[in-house]
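entry-v5.cif, holding mmCIF, C-alpha atoms, pLDDT in the B column; chains and numbers go by the auth columns:
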data_entry
loop_
_atom_site.group_PDB
_atom_site.id
_atom_site.type_symbol
_atom_site.label_atom_id
_atom_site.label_comp_id
_atom_site.label_asym_id
_atom_site.label_seq_id
_atom_site.Cartn_x
_atom_site.Cartn_y
_atom_site.Cartn_z
_atom_site.B_iso_or_equiv
_atom_site.auth_seq_id
_atom_site.auth_asym_id
ATOM 1 C CA MET A 1 12.765 -14.423 -15.869 43.00 29 A
ATOM 2 C CA PHE A 2 16.186 -13.403 -14.569 42.00 30 A
ATOM 3 C CA TYR A 3 16.666 -10.699 -12.001 46.00 31 A
ATOM 4 C CA PRO A 4 20.162 -9.735 -10.902 45.00 32 A
ATOM 5 C CA GLU A 5 20.738 -11.222 -7.481 46.00 33 A
ATOM 6 C CA LYS A 6 23.585 -8.992 -6.339 44.00 34 A
ATOM 7 C CA ARG A 7 21.192 -7.042 -4.087 48.00 35 A
ATOM 8 C CA ARG A 8 19.308 -10.070 -2.807 47.00 36 A
ATOM 9 C CA ASN A 9 22.168 -12.288 -1.607 44.00 37 A
ATOM 10 C CA SER A 10 22.724 -10.365 1.603 41.00 38 A
ATOM 11 C CA MET A 11 20.858 -7.478 3.100 42.00 39 A
ATOM 12 C CA ALA A 12 24.191 -6.303 4.542 42.00 40 A
ATOM 13 C CA GLN A 13 25.106 -5.293 0.973 47.00 41 A
ATOM 14 C CA ARG A 14 22.035 -3.132 0.392 50.00 42 A
ATOM 15 C CA SER A 15 22.497 -0.854 -2.559 78.00 43 A
ATOM 16 C CA TYR A 16 19.882 1.791 -1.779 91.00 44 A
ATOM 17 C CA PRO A 17 18.767 3.520 1.415 91.00 45 A
ATOM 18 C CA THR A 18 15.146 2.854 0.440 91.00 46 A
ATOM 19 C CA ASP A 19 15.569 -0.949 0.590 92.00 47 A
ATOM 20 C CA LEU A 20 13.580 -2.670 3.315 91.00 48 A
ATOM 21 C CA THR A 21 15.374 -4.325 6.212 91.00 49 A
ATOM 22 C CA ASP A 22 14.544 -7.917 7.119 92.00 50 A
ATOM 23 C CA ALA A 23 12.479 -6.698 10.094 91.00 51 A
ATOM 24 C CA GLN A 24 10.526 -4.232 7.939 90.00 52 A
ATOM 25 C CA TRP A 25 9.811 -6.867 5.308 92.00 53 A
ATOM 26 C CA ALA A 26 8.665 -9.355 7.975 91.00 54 A
ATOM 27 C CA LEU A 27 6.216 -6.724 9.234 87.00 55 A
ATOM 28 C CA ILE A 28 4.556 -6.075 5.859 90.00 56 A
ATOM 29 C CA ALA A 29 5.034 -9.316 3.873 91.00 57 A
ATOM 30 C CA ARG A 30 1.719 -10.831 4.999 90.00 58 A
ATOM 31 C CA HIS A 31 -0.248 -7.936 3.480 89.00 59 A
ATOM 32 C CA PHE A 32 0.660 -8.830 -0.111 90.00 60 A
ATOM 33 C CA PRO A 33 -1.491 -11.322 -2.027 86.00 61 A
ATOM 34 C CA PRO A 34 -0.248 -14.921 -1.961 84.00 62 A
ATOM 35 C CA GLU A 35 0.671 -16.764 -5.123 83.00 63 A
ATOM 36 C CA ARG A 36 -2.341 -18.050 -7.023 81.00 64 A
ATOM 37 C CA ARG A 37 -2.747 -21.819 -7.088 83.00 65 A
ATOM 38 C CA ASP A 38 -4.515 -21.959 -10.443 84.00 66 A
ATOM 39 C CA GLY A 39 -1.930 -19.971 -12.408 80.00 67 A
ATOM 40 C CA ARG A 40 1.667 -20.453 -13.298 82.00 68 A
ATOM 41 C CA PRO A 41 4.220 -20.123 -10.494 85.00 69 A
ATOM 42 C CA ARG A 42 5.265 -16.595 -9.598 83.00 70 A
ATOM 43 C CA GLN A 43 8.722 -15.758 -10.919 86.00 71 A
ATOM 44 C CA THR A 44 9.053 -12.385 -9.254 86.00 72 A
ATOM 45 C CA ASP A 45 10.422 -11.524 -5.835 91.00 73 A
ATOM 46 C CA LEU A 46 7.797 -9.420 -4.070 93.00 74 A
ATOM 47 C CA ARG A 47 10.389 -7.852 -1.818 94.00 75 A
ATOM 48 C CA ALA A 48 12.319 -6.689 -4.888 93.00 76 A
ATOM 49 C CA MET A 49 9.066 -5.174 -6.222 95.00 77 A
ATOM 50 C CA VAL A 50 8.441 -3.291 -2.987 95.00 78 A
ATOM 51 C CA ASP A 51 12.060 -2.099 -2.875 95.00 79 A
ATOM 52 C CA ALA A 52 11.767 -0.831 -6.451 95.00 80 A
ATOM 53 C CA ILE A 53 8.472 0.946 -5.717 95.00 81 A
ATOM 54 C CA LEU A 54 9.912 2.578 -2.601 94.00 82 A
ATOM 55 C CA TYR A 55 12.924 3.702 -4.624 95.00 83 A
ATOM 56 C CA LEU A 56 10.652 5.239 -7.274 94.00 84 A
ATOM 57 C CA LEU A 57 8.472 7.008 -4.735 92.00 85 A
ATOM 58 C CA ARG A 58 11.392 8.349 -2.717 93.00 86 A
ATOM 59 C CA THR A 59 13.562 9.521 -5.614 93.00 87 A
ATOM 60 C CA GLY A 60 10.793 10.606 -7.967 92.00 88 A
ATOM 61 C CA CYS A 61 12.526 9.018 -10.939 92.00 89 A
ATOM 62 C CA GLN A 62 10.579 7.941 -14.000 94.00 90 A
ATOM 63 C CA TRP A 63 9.412 4.338 -14.313 93.00 91 A
ATOM 64 C CA ARG A 64 11.609 3.759 -17.336 94.00 92 A
ATOM 65 C CA MET A 65 14.640 5.193 -15.492 94.00 93 A
ATOM 66 C CA LEU A 66 14.528 2.523 -12.777 93.00 94 A
ATOM 67 C CA PRO A 67 18.078 1.227 -12.145 92.00 95 A
ATOM 68 C CA ALA A 68 18.974 -2.042 -13.856 89.00 96 A
ATOM 69 C CA ASP A 69 19.493 -4.026 -10.647 88.00 97 A
ATOM 70 C CA PHE A 70 15.760 -3.802 -9.931 92.00 98 A
ATOM 71 C CA PRO A 71 13.241 -5.944 -11.833 93.00 99 A
ATOM 72 C CA PRO A 72 12.102 -4.539 -15.224 94.00 100 A
ATOM 73 C CA TRP A 73 10.152 -1.291 -14.894 95.00 101 A
ATOM 74 C CA GLY A 74 7.079 -2.739 -16.640 95.00 102 A
ATOM 75 C CA THR A 75 6.835 -5.554 -14.117 94.00 103 A
ATOM 76 C CA VAL A 76 7.266 -3.155 -11.212 96.00 104 A
ATOM 77 C CA TRP A 77 4.600 -0.856 -12.657 96.00 105 A
ATOM 78 C CA TRP A 78 2.193 -3.789 -13.148 95.00 106 A
ATOM 79 C CA TYR A 79 2.568 -4.887 -9.505 95.00 107 A
ATOM 80 C CA PHE A 80 2.222 -1.302 -8.239 96.00 108 A
ATOM 81 C CA ARG A 81 -0.989 -0.840 -10.234 96.00 109 A
ATOM 82 C CA ARG A 82 -2.392 -4.254 -9.299 94.00 110 A
ATOM 83 C CA TRP A 83 -1.765 -3.629 -5.588 94.00 111 A
ATOM 84 C CA ARG A 84 -3.292 -0.143 -5.855 95.00 112 A
ATOM 85 C CA LEU A 85 -6.455 -1.527 -7.432 95.00 113 A
ATOM 86 C CA ASP A 86 -6.628 -4.362 -4.880 92.00 114 A
ATOM 87 C CA GLY A 87 -6.302 -1.910 -1.970 92.00 115 A
ATOM 88 C CA VAL A 88 -2.994 -3.293 -0.673 93.00 116 A
ATOM 89 C CA TRP A 89 -1.462 0.159 -0.138 91.00 117 A
ATOM 90 C CA VAL A 90 -4.509 1.414 1.779 91.00 118 A
ATOM 91 C CA ARG A 91 -4.510 -1.671 4.025 89.00 119 A
ATOM 92 C CA LEU A 92 -0.790 -1.260 4.684 89.00 120 A
ATOM 93 C CA HIS A 93 -1.265 2.406 5.541 87.00 121 A
ATOM 94 C CA ARG A 94 -4.148 1.716 7.890 84.00 122 A
ATOM 95 C CA THR A 95 -2.456 -1.218 9.561 81.00 123 A
ATOM 96 C CA LEU A 96 0.932 0.366 10.102 82.00 124 A
ATOM 97 C CA LEU A 97 0.216 4.032 10.644 82.00 125 A
ATOM 98 C CA HIS A 98 -3.115 3.916 12.452 80.00 126 A
ATOM 99 C CA ALA A 99 -1.889 1.289 14.901 77.00 127 A
ATOM 100 C CA ALA A 100 1.355 3.180 15.531 81.00 128 A
ATOM 101 C CA ALA A 101 -0.520 6.441 16.140 83.00 129 A
ATOM 102 C CA ARG A 102 -2.849 4.761 18.643 82.00 130 A
ATOM 103 C CA VAL A 103 0.053 3.182 20.533 85.00 131 A
ATOM 104 C CA LYS A 104 1.887 6.512 20.610 86.00 132 A
ATOM 105 C CA ALA A 105 -1.225 8.110 22.104 87.00 133 A
ATOM 106 C CA GLY A 106 -1.205 5.505 24.879 88.00 134 A
ATOM 107 C CA ARG A 107 -4.116 3.447 23.577 85.00 135 A
ATOM 108 C CA ARG A 108 -4.422 -0.109 22.310 82.00 136 A
ATOM 109 C CA SER A 109 -3.337 -0.618 18.711 75.00 137 A
ATOM 110 C CA ASP A 110 -6.820 -1.751 17.669 74.00 138 A
ATOM 111 C CA PRO A 111 -10.028 -0.025 18.781 72.00 139 A
ATOM 112 C CA THR A 112 -12.356 -2.063 20.990 73.00 140 A
ATOM 113 C CA VAL A 113 -15.425 0.172 20.629 74.00 141 A
ATOM 114 C CA VAL A 114 -16.726 2.237 17.744 72.00 142 A
ATOM 115 C CA ILE A 115 -19.292 4.972 18.338 72.00 143 A
ATOM 116 C CA MET A 116 -21.387 6.343 15.503 71.00 144 A
ATOM 117 C CA ASN A 117 -23.633 9.369 15.857 71.00 145 A
ATOM 118 C CA ALA A 118 -26.741 9.662 13.710 68.00 146 A
ATOM 119 C CA GLN A 119 -28.245 12.887 15.017 70.00 147 A
ATOM 120 C CA SER A 120 -31.421 14.335 13.521 66.00 148 A
ATOM 121 C CA VAL A 121 -31.846 18.086 13.200 65.00 149 A
ATOM 122 C CA LYS A 122 -35.246 19.751 13.231 64.00 150 A
ATOM 123 C CA THR A 123 -35.854 22.422 10.616 62.00 151 A
ATOM 124 C CA THR A 124 -38.723 24.283 12.329 63.00 152 A
ATOM 125 C CA GLU A 125 -41.411 23.705 14.884 63.00 153 A
ATOM 126 C CA ARG A 126 -44.108 23.501 12.178 63.00 154 A
ATOM 127 C CA GLY A 127 -42.322 21.127 9.828 58.00 155 A
ATOM 128 C CA ALA A 128 -40.442 21.478 6.589 57.00 156 A
ATOM 129 C CA PHE A 129 -43.459 22.181 4.336 60.00 157 A
ATOM 130 C CA ALA A 130 -44.864 24.957 6.498 58.00 158 A
ATOM 131 C CA ALA A 131 -41.489 26.647 6.727 55.00 159 A
ATOM 132 C CA SER A 132 -41.072 26.724 2.951 59.00 160 A
ATOM 133 C CA THR A 133 -44.506 28.159 2.050 60.00 161 A
ATOM 134 C CA ALA A 134 -44.989 31.898 2.012 61.00 162 A
ATOM 135 C CA THR A 135 -47.784 33.455 3.997 62.00 163 A
ATOM 136 C CA ASN A 136 -49.959 36.253 2.612 63.00 164 A
ATOM 137 C CA ALA A 137 -50.650 38.204 5.748 56.00 165 A
#

Since I need it in another form, could you write the structure as structure tokens?
Amino acid sequence: MFYPEKRRNSMAQRSYPTDLTDAQWALIARHFPPERRDGRPRQTDLRAMVDAILYLLRTGCQWRMLPADFPPWGTVWWYFRRWRLDGVWVRLHRTLLHAAARVKAGRRSDPTVVIMNAQSVKTTERGAFAASTATNA
């Protein structure tokens, strides 16, 4: 499969403001599934897929209107859907945004203690059955 390489040769020649920088890609690259060993070799550039998805989300253009210097829209859509079903976007969101919010609040990026509250509430002093039966007084 051939993808135009004019955008990939140098990040200094980025075509779109939504393209990831090298530092941004290094931060998120590990969250995407590795190439499968039992299948055929991957022929797609994952960074190009992410750049295309970010372009689509930011501009609101239609899938089929994706500019020609991105990979084919069908391939981009397939990866977007696959990563959505696999939970990649949720993991990225939790990892990047939750950690950043904790650091901004002056806390460690990952919580060390989790507290769960399982409180019971009484319905009445007599019990649930007595409270629901009518009295004939």

Atom pair CA of Asp47 (chain A) / CA of Gly67 (chain A): separation (Å):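 CA of Gly67 (chain A) lies 28.9 Å from CA of Asp47 (chain A).
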
Output check: residues returned by the PyMOL selection byres ((chain A and resi 73-85) around 6), as a count of residues only: 8

Atom-to-atom span, CA of Val116 (chain A) and CA of Phe60 (chain A), Å: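 So the two atoms, CA of Val116 (chain A) and CA of Phe60 (chain A), lie 6.7 Å apart.
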
Contact residues around Arg112 (chain A) with all atoms listed in the file at 12 Å, ignoring same-chain residues under 5 positions, as a list in words: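 Non-adjacent residues within range: Phe60, Pro61, Ile81, Trp105, Trp106, Tyr107, Trp117, Val118, Arg119, Leu120 and His121 of chain A.
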
Point-to-point distance in Å for CA of Arg92 (chain A) and CA of Asp50 (chain A): 27.3 Å

Selected residue of minimal separation from Asp114 (chain A) among A:Arg135, A:His59, A:Thr140, A:Met93, counting only C-alpha atoms: A:His59
